[in-house]
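Peer 1: Right, I'll just put the structure down here and ask away after.
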Amino acid sequence: MGLSAGHVTGVPGLTRTQQLHALGNGVVPQQATAALRALLDRHTAHALRTAA
């Protein structure tokens, strides 16, 4: 998922079920970064078009 080793699995006392619950439907960090960059690019392009 792009998380550091042990991000969830290294937490003492968590069962596998609890680890999976902690991860939940979390967004993969690389996917979130790509989405934010795409949105920023669209916003910037729109701002440049409307400013001219």
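Following the order of the structure tokens, chains are lettered A, B, ..., residues in each are numbered from 1, and ligands are numbered from 1.
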In chain A, what's alpha helix (DSSP H) per DSSP? Answer as a PyMOL selection string?
Peer 2: chain A and resi 16-23+29-51
Peer 1: Only N, CA and C atoms, please: the residues just picked out, written as an mmCIF file, in the first residue's frame.
Peer 2:
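Written file, result21.cif:
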data_model
loop_
_atom_site.group_PDB
_atom_site.id
_atom_site.type_symbol
_atom_site.label_atom_id
_atom_site.label_comp_id
_atom_site.auth_asym_id
_atom_site.auth_seq_id
_atom_site.Cartn_x
_atom_site.Cartn_y
_atom_site.Cartn_z
ATOM 1 N N ARG A 16 -5.066 -9.780 13.738
ATOM 2 C CA ARG A 16 -5.145 -9.567 12.283
ATOM 3 C C ARG A 16 -6.443 -8.850 11.915
ATOM 4 N N THR A 17 -7.524 -9.240 12.557
ATOM 5 C CA THR A 17 -8.811 -8.590 12.301
ATOM 6 C C THR A 17 -8.740 -7.106 12.648
ATOM 7 N N GLN A 18 -8.133 -6.770 13.760
ATOM 8 C CA GLN A 18 -7.995 -5.373 14.168
ATOM 9 C C GLN A 18 -7.087 -4.605 13.204
ATOM 10 N N GLN A 19 -6.039 -5.268 12.717
ATOM 11 C CA GLN A 19 -5.147 -4.627 11.747
ATOM 12 C C GLN A 19 -5.906 -4.294 10.470
ATOM 13 N N LEU A 20 -6.682 -5.260 9.978
ATOM 14 C CA LEU A 20 -7.460 -5.020 8.757
ATOM 15 C C LEU A 20 -8.490 -3.928 8.971
ATOM 16 N N HIS A 21 -9.095 -3.904 10.144
ATOM 17 C CA HIS A 21 -10.067 -2.857 10.465
ATOM 18 C C HIS A 21 -9.385 -1.481 10.498
ATOM 19 N N ALA A 22 -8.189 -1.423 11.060
ATOM 20 C CA ALA A 22 -7.455 -0.157 11.134
ATOM 21 C C ALA A 22 -7.121 0.376 9.739
ATOM 22 N N LEU A 23 -6.813 -0.531 8.816
ATOM 23 C CA LEU A 23 -6.534 -0.117 7.440
ATOM 24 C C LEU A 23 -7.807 0.288 6.727
ATOM 25 N N PRO A 29 -1.529 5.988 -0.284
ATOM 26 C CA PRO A 29 -0.923 7.323 -0.340
ATOM 27 C C PRO A 29 -0.518 7.760 -1.752
ATOM 28 N N GLN A 30 0.038 6.851 -2.560
ATOM 29 C CA GLN A 30 0.440 7.235 -3.912
ATOM 30 C C GLN A 30 -0.775 7.605 -4.755
ATOM 31 N N GLN A 31 -1.881 6.920 -4.567
ATOM 32 C CA GLN A 31 -3.105 7.210 -5.318
ATOM 33 C C GLN A 31 -3.659 8.573 -4.903
ATOM 34 N N ALA A 32 -3.639 8.861 -3.623
ATOM 35 C CA ALA A 32 -4.117 10.154 -3.148
ATOM 36 C C ALA A 32 -3.248 11.274 -3.698
ATOM 37 N N THR A 33 -1.942 11.088 -3.724
ATOM 38 C CA THR A 33 -1.026 12.091 -4.264
ATOM 39 C C THR A 33 -1.309 12.333 -5.744
ATOM 40 N N ALA A 34 -1.497 11.261 -6.497
ATOM 41 C CA ALA A 34 -1.787 11.395 -7.932
ATOM 42 C C ALA A 34 -3.099 12.142 -8.146
ATOM 43 N N ALA A 35 -4.103 11.839 -7.338
ATOM 44 C CA ALA A 35 -5.398 12.513 -7.473
ATOM 45 C C ALA A 35 -5.278 14.000 -7.168
ATOM 46 N N LEU A 36 -4.564 14.344 -6.112
ATOM 47 C CA LEU A 36 -4.398 15.759 -5.765
ATOM 48 C C LEU A 36 -3.614 16.505 -6.838
ATOM 49 N N ARG A 37 -2.582 15.862 -7.386
ATOM 50 C CA ARG A 37 -1.817 16.507 -8.466
ATOM 51 C C ARG A 37 -2.695 16.749 -9.692
ATOM 52 N N ALA A 38 -3.523 15.760 -10.037
ATOM 53 C CA ALA A 38 -4.411 15.905 -11.194
ATOM 54 C C ALA A 38 -5.394 17.051 -10.972
ATOM 55 N N LEU A 39 -5.954 17.126 -9.780
ATOM 56 C CA LEU A 39 -6.886 18.215 -9.484
ATOM 57 C C LEU A 39 -6.186 19.570 -9.518
ATOM 58 N N LEU A 40 -5.000 19.639 -8.975
ATOM 59 C CA LEU A 40 -4.244 20.887 -8.987
ATOM 60 C C LEU A 40 -3.896 21.309 -10.412
ATOM 61 N N ASP A 41 -3.493 20.344 -11.246
ATOM 62 C CA ASP A 41 -3.191 20.646 -12.644
ATOM 63 C C ASP A 41 -4.421 21.197 -13.354
ATOM 64 N N ARG A 42 -5.581 20.561 -13.133
ATOM 65 C CA ARG A 42 -6.820 21.039 -13.766
ATOM 66 C C ARG A 42 -7.163 22.442 -13.288
ATOM 67 N N HIS A 43 -7.026 22.665 -11.994
ATOM 68 C CA HIS A 43 -7.339 23.984 -11.427
ATOM 69 C C HIS A 43 -6.400 25.048 -11.999
ATOM 70 N N THR A 44 -5.114 24.728 -12.061
ATOM 71 C CA THR A 44 -4.126 25.673 -12.578
ATOM 72 C C THR A 44 -4.390 25.984 -14.042
ATOM 73 N N ALA A 45 -4.664 24.972 -14.847
ATOM 74 C CA ALA A 45 -4.953 25.176 -16.269
ATOM 75 C C ALA A 45 -6.193 26.040 -16.436
ATOM 76 N N HIS A 46 -7.224 25.778 -15.642
ATOM 77 C CA HIS A 46 -8.451 26.576 -15.718
ATOM 78 C C HIS A 46 -8.172 28.025 -15.320
ATOM 79 N N ALA A 47 -7.404 28.213 -14.255
ATOM 80 C CA ALA A 47 -7.096 29.561 -13.787
ATOM 81 C C ALA A 47 -6.304 30.331 -14.842
ATOM 82 N N LEU A 48 -5.379 29.666 -15.518
ATOM 83 C CA LEU A 48 -4.599 30.334 -16.564
ATOM 84 C C LEU A 48 -5.471 30.705 -17.761
ATOM 85 N N ARG A 49 -6.412 29.832 -18.117
ATOM 86 C CA ARG A 49 -7.308 30.120 -19.259
ATOM 87 C C ARG A 49 -8.220 31.299 -18.954
ATOM 88 N N THR A 50 -8.720 31.370 -17.747
ATOM 89 C CA THR A 50 -9.681 32.412 -17.406
ATOM 90 C C THR A 50 -9.000 33.741 -17.091
ATOM 91 N N ALA A 51 -7.716 33.706 -16.756
ATOM 92 C CA ALA A 51 -6.988 34.941 -16.432
ATOM 93 C C ALA A 51 -6.570 35.684 -17.701
#
Peer 1: Could you state the separation of atom CA of Thr15 of chain A and atom CA of Gly2 of chain A in Å, given to one decimal place?
Peer 2: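 Separating atom CA of Thr15 of chain A from atom CA of Gly2 of chain A is a distance of 21.2 Å.
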